[in-house]
>>> print(open('run.json').read())   # JSON, C-alpha atoms
[["chain", "number", "residue", "atom", "x", "y", "z"],
["V", 1367, "MET", "CA", 61.06, 114.00, 108.92],
["V", 1368, "VAL", "CA", 64.27, 115.85, 108.22],
["V", 1369, "ILE", "CA", 64.09, 117.21, 104.70],
["V", 1370, "HIS", "CA", 67.03, 119.60, 104.40],
["V", 1371, "PRO", "CA", 69.84, 117.01, 104.35],
["V", 1372, "ARG", "CA", 68.07, 115.17, 101.55],
["V", 1373, "VAL", "CA", 67.62, 118.20, 99.30],
["V", 1374, "LYS", "CA", 70.41, 120.59, 100.36],
["V", 1375, "ASP", "CA", 72.24, 120.16, 97.05],
["V", 1376, "TYR", "CA", 69.15, 121.25, 95.11],
["V", 1377, "VAL", "CA", 67.16, 123.66, 97.29],
["V", 1378, "GLU", "CA", 68.30, 126.54, 99.47],
["V", 1379, "LEU", "CA", 67.46, 126.40, 103.18],
["V", 1380, "GLU", "CA", 65.66, 129.73, 102.90],
["V", 1381, "GLU", "CA", 63.27, 128.21, 100.35],
["V", 1382, "LEU", "CA", 62.45, 125.36, 102.73],
["V", 1383, "VAL", "CA", 61.91, 127.84, 105.57],
["V", 1384, "ALA", "CA", 59.57, 129.90, 103.38],
["V", 1385, "LEU", "CA", 57.56, 126.79, 102.45],
["V", 1386, "GLY", "CA", 57.43, 125.78, 106.11],
["V", 1387, "ASN", "CA", 56.29, 129.24, 107.19],
["V", 1388, "ALA", "CA", 53.48, 129.11, 104.63],
["V", 1389, "GLY", "CA", 52.45, 125.73, 106.05],
["V", 1390, "LEU", "CA", 52.54, 127.10, 109.60],
["V", 1391, "ALA", "CA", 50.36, 130.05, 108.62],
["V", 1392, "GLU", "CA", 47.90, 127.67, 106.98],
["V", 1393, "ALA", "CA", 47.89, 125.45, 110.07],
["V", 1394, "ALA", "CA", 47.17, 128.45, 112.29],
["V", 1395, "ALA", "CA", 44.26, 129.47, 110.08],
["V", 1396, "ARG", "CA", 42.77, 125.97, 109.78],
["V", 1397, "TYR", "CA", 43.35, 124.62, 113.31],
["V", 1398, "GLU", "CA", 40.23, 123.47, 115.13],
["V", 1399, "PRO", "CA", 40.96, 122.60, 118.78],
["V", 1400, "ASP", "CA", 37.61, 120.83, 119.13],
["V", 1401, "ARG", "CA", 38.83, 118.04, 116.85],
["V", 1402, "GLY", "CA", 41.13, 116.72, 119.58],
["V", 1403, "ALA", "CA", 44.60, 117.16, 118.09],
["V", 1404, "ALA", "CA", 47.19, 119.37, 119.73],
["V", 1405, "PHE", "CA", 48.19, 122.36, 117.63],
["V", 1406, "ALA", "CA", 51.82, 121.20, 117.54],
["V", 1407, "THR", "CA", 50.77, 117.86, 116.05],
["V", 1408, "PHE", "CA", 48.46, 119.46, 113.50],
["V", 1409, "ALA", "CA", 51.05, 122.07, 112.55],
["V", 1410, "TRP", "CA", 53.86, 119.48, 112.21],
["V", 1411, "TYR", "CA", 51.91, 117.59, 109.57],
["V", 1412, "ARG", "CA", 50.83, 120.75, 107.75],
["V", 1413, "VAL", "CA", 54.35, 122.25, 107.73],
["V", 1414, "ASN", "CA", 55.89, 119.03, 106.40],
["V", 1415, "GLY", "CA", 53.09, 118.69, 103.87],
["V", 1416, "ALA", "CA", 53.59, 122.25, 102.66],
["V", 1417, "ILE", "CA", 57.32, 121.65, 102.19],
["V", 1418, "ILE", "CA", 56.73, 118.41, 100.27],
["V", 1419, "ASP", "CA", 54.00, 120.06, 98.16],
["V", 1420, "GLY", "CA", 56.29, 122.99, 97.38],
["V", 1421, "LEU", "CA", 59.16, 120.73, 96.38],
["V", 1422, "ARG", "CA", 56.84, 118.65, 94.23],
["V", 1423, "LYS", "CA", 55.59, 121.76, 92.42],
["V", 1424, "GLN", "CA", 59.18, 122.76, 91.64],
["V", 1425, "SER", "CA", 59.90, 119.38, 90.09],
["V", 1426, "ASN", "CA", 59.16, 118.34, 86.52],
["V", 1427, "LEU", "CA", 58.42, 114.80, 87.62],
["V", 1428, "PRO", "CA", 54.88, 113.46, 87.29],
["V", 1429, "ARG", "CA", 53.07, 112.90, 90.57],
["V", 1430, "ARG", "CA", 53.18, 109.10, 90.16],
["V", 1431, "VAL", "CA", 56.97, 109.10, 89.70],
["V", 1432, "TRP", "CA", 57.37, 111.41, 92.70],
["V", 1433, "ALA", "CA", 55.25, 109.03, 94.81],
["V", 1434, "ARG", "CA", 57.43, 106.08, 93.77],
["V", 1435, "LEU", "CA", 60.59, 107.96, 94.66],
["V", 1436, "VAL", "CA", 59.19, 108.83, 98.08],
["V", 1437, "ALA", "CA", 58.20, 105.19, 98.65],
["V", 1438, "LEU", "CA", 61.64, 103.96, 97.59],
["V", 1439, "ARG", "CA", 63.33, 106.47, 99.88],
["V", 1440, "ALA", "CA", 61.14, 105.40, 102.82],
["V", 1441, "ALA", "CA", 61.93, 101.73, 102.16],
["V", 1442, "SER", "CA", 65.62, 102.48, 101.94],
["V", 1443, "ASP", "CA", 65.55, 104.43, 105.20],
["V", 1444, "TYR", "CA", 63.66, 101.60, 106.89],
["V", 1445, "LEU", "CA", 66.12, 98.97, 105.71],
["V", 1446, "GLU", "CA", 69.10, 101.05, 106.78],
["V", 1447, "HIS", "CA", 67.78, 101.27, 110.35]]
>>> encode(input="run.json", output="structure tokens")
Amino acid sequence: MVIHPRVKDYVELEELVALGNAGLAEAAARYEPDRGAAFATFAWYRVNGAIIDGLRKQSNLPRRVWARLVALRAASDYLEH
């Protein structure tokens, strides 16, 4: 998922990098190799999740509205491809 082009008019790149770094640090602390996932896979999901969570916290939108916007964006992206 490429987030920066979607939010570049509203959020600085440095803020996204900081959110991603926090997610990477969390992934490193929580990674359990015995569970079968490669670290890169685990970290990718945690980094993206941390960025989305950080953006959501900065928004005044209720969680339900945010979820609808994400679903609409995903549908739009799907239909465009």
>>> residues_around(input="run.json", residues="Trp1432 in chain V", least_positions_apart="5", cutoff="12 Å", atoms="all atoms listed in the file", output="compact mmCIF listing (two decimals) with C-alpha atoms, in the coordinates of the input")
# COMPACT_ATOMS: atom_id res chain seq x y z
CA ILE V 1418 56.73 118.41 100.27
CA ASP V 1419 54.00 120.06 98.16
CA LEU V 1421 59.16 120.73 96.38
CA ARG V 1422 56.84 118.65 94.23
CA LYS V 1423 55.59 121.76 92.42
CA GLN V 1424 59.18 122.76 91.64
CA SER V 1425 59.90 119.38 90.09
CA ASN V 1426 59.16 118.34 86.52
CA LEU V 1427 58.42 114.80 87.62
CA ALA V 1437 58.20 105.19 98.65
CA LEU V 1438 61.64 103.96 97.59
CA ARG V 1439 63.33 106.47 99.88
>>> closest_residue(input="run.json", among="V:Ala1395, V:Leu1382, V:Tyr1444, V:Asn1414", to="His1370 in chain V", atoms="all atoms listed in the file")
V:Leu1382
>>> closest_residue(input="run.json", among="V:Gly1420, V:Asp1443, V:Val1373, V:Gly1402", to="Ala1388 in chain V", atoms="only C-alpha atoms")
V:Gly1420
>>> atom_distance(input="run.json", atom1="CA of Val1377 in chain V", atom2="CA of Phe1408 in chain V")
25.1 Å
>>> closest_residue(input="run.json", among="V:Arg1401, V:Arg1396, V:Arg1372, V:Arg1412", to="Val1436 in chain V", atoms="all atoms listed in the file")
V:Arg1372
>>> atom_distance(input="run.json", atom1="CA of Gly1415 in chain V", atom2="CA of Leu1385 in chain V")
9.4 Å
>>> closest_residue(input="run.json", among="V:Tyr1397, V:Arg1429, V:Ala1441, V:Trp1410", to="Val1368 in chain V", atoms="all atoms listed in the file")
V:Trp1410
>>> atom_distance(input="run.json", atom1="CA of Ala1409 in chain V", atom2="CA of Leu1390 in chain V")
6.0 Å
>>> decode(input="run.json", residues="range 1409-1434 of chain V", atoms="N, CA, C and O atoms", output="short mmCIF file (atom, residue, chain, number, x, y, z; two decimals), in the first residue's frame")
data_model
loop_
_atom_site.label_atom_id
_atom_site.label_comp_id
_atom_site.auth_asym_id
_atom_site.auth_seq_id
_atom_site.Cartn_x
_atom_site.Cartn_y
_atom_site.Cartn_z
N ALA V 1409 6.60 -7.29 9.67
CA ALA V 1409 6.90 -5.87 9.81
C ALA V 1409 6.11 -5.03 8.81
O ALA V 1409 5.65 -3.93 9.15
N TRP V 1410 5.92 -5.52 7.59
CA TRP V 1410 5.17 -4.77 6.58
C TRP V 1410 3.77 -4.45 7.09
O TRP V 1410 3.30 -3.31 7.01
N TYR V 1411 3.10 -5.46 7.64
CA TYR V 1411 1.75 -5.24 8.16
C TYR V 1411 1.75 -4.32 9.37
O TYR V 1411 0.88 -3.46 9.51
N ARG V 1412 2.73 -4.46 10.25
CA ARG V 1412 2.77 -3.62 11.44
C ARG V 1412 3.11 -2.18 11.09
O ARG V 1412 2.53 -1.26 11.66
N VAL V 1413 4.02 -1.96 10.15
CA VAL V 1413 4.39 -0.60 9.74
C VAL V 1413 3.19 0.09 9.09
O VAL V 1413 2.84 1.22 9.44
N ASN V 1414 2.53 -0.60 8.16
CA ASN V 1414 1.35 -0.01 7.52
C ASN V 1414 0.25 0.24 8.54
O ASN V 1414 -0.42 1.27 8.50
N GLY V 1415 0.06 -0.69 9.45
CA GLY V 1415 -0.96 -0.52 10.49
C GLY V 1415 -0.66 0.67 11.38
O GLY V 1415 -1.56 1.43 11.75
N ALA V 1416 0.61 0.85 11.72
CA ALA V 1416 0.99 1.98 12.58
C ALA V 1416 0.75 3.30 11.86
O ALA V 1416 0.30 4.28 12.48
N ILE V 1417 1.01 3.35 10.57
CA ILE V 1417 0.77 4.58 9.81
C ILE V 1417 -0.72 4.87 9.75
O ILE V 1417 -1.16 6.00 10.01
N ILE V 1418 -1.53 3.87 9.43
CA ILE V 1418 -2.97 4.06 9.37
C ILE V 1418 -3.52 4.46 10.74
O ILE V 1418 -4.35 5.38 10.85
N ASP V 1419 -3.06 3.79 11.80
CA ASP V 1419 -3.51 4.13 13.15
C ASP V 1419 -3.15 5.57 13.50
O ASP V 1419 -3.95 6.31 14.08
N GLY V 1420 -1.93 5.97 13.15
CA GLY V 1420 -1.50 7.35 13.44
C GLY V 1420 -2.31 8.38 12.69
O GLY V 1420 -2.69 9.41 13.23
N LEU V 1421 -2.60 8.10 11.41
CA LEU V 1421 -3.42 9.03 10.63
C LEU V 1421 -4.84 9.09 11.19
O LEU V 1421 -5.45 10.16 11.24
N ARG V 1422 -5.36 7.95 11.60
CA ARG V 1422 -6.71 7.92 12.15
C ARG V 1422 -6.79 8.74 13.44
O ARG V 1422 -7.75 9.46 13.67
N LYS V 1423 -5.76 8.65 14.27
CA LYS V 1423 -5.75 9.40 15.53
C LYS V 1423 -5.69 10.91 15.28
O LYS V 1423 -6.19 11.69 16.08
N GLN V 1424 -5.08 11.32 14.17
CA GLN V 1424 -4.98 12.74 13.86
C GLN V 1424 -6.27 13.29 13.26
O GLN V 1424 -6.43 14.49 13.14
N SER V 1425 -7.17 12.41 12.89
CA SER V 1425 -8.41 12.83 12.24
C SER V 1425 -9.50 13.02 13.27
O SER V 1425 -9.52 12.39 14.32
N ASN V 1426 -10.45 13.88 12.96
CA ASN V 1426 -11.61 14.09 13.82
C ASN V 1426 -12.77 13.18 13.45
O ASN V 1426 -13.82 13.24 14.07
N LEU V 1427 -12.57 12.37 12.42
CA LEU V 1427 -13.65 11.51 11.96
C LEU V 1427 -13.86 10.33 12.91
O LEU V 1427 -12.89 9.77 13.42
N PRO V 1428 -15.12 9.95 13.13
CA PRO V 1428 -15.37 8.75 13.92
C PRO V 1428 -14.82 7.52 13.21
O PRO V 1428 -14.69 7.50 11.98
N ARG V 1429 -14.53 6.50 13.96
CA ARG V 1429 -13.93 5.28 13.42
C ARG V 1429 -14.79 4.66 12.33
O ARG V 1429 -14.29 4.15 11.33
N ARG V 1430 -16.10 4.69 12.49
CA ARG V 1430 -17.01 4.10 11.50
C ARG V 1430 -16.93 4.86 10.17
O ARG V 1430 -16.90 4.26 9.10
N VAL V 1431 -16.87 6.17 10.22
CA VAL V 1431 -16.76 6.97 9.01
C VAL V 1431 -15.41 6.70 8.34
O VAL V 1431 -15.33 6.57 7.12
N TRP V 1432 -14.35 6.64 9.14
CA TRP V 1432 -13.02 6.33 8.60
C TRP V 1432 -13.05 4.99 7.88
O TRP V 1432 -12.51 4.86 6.77
N ALA V 1433 -13.67 3.98 8.49
CA ALA V 1433 -13.74 2.65 7.88
C ALA V 1433 -14.49 2.70 6.55
O ALA V 1433 -14.09 2.05 5.58
N ARG V 1434 -15.54 3.48 6.47
CA ARG V 1434 -16.29 3.61 5.22
C ARG V 1434 -15.45 4.29 4.14
O ARG V 1434 -15.49 3.89 2.98
#
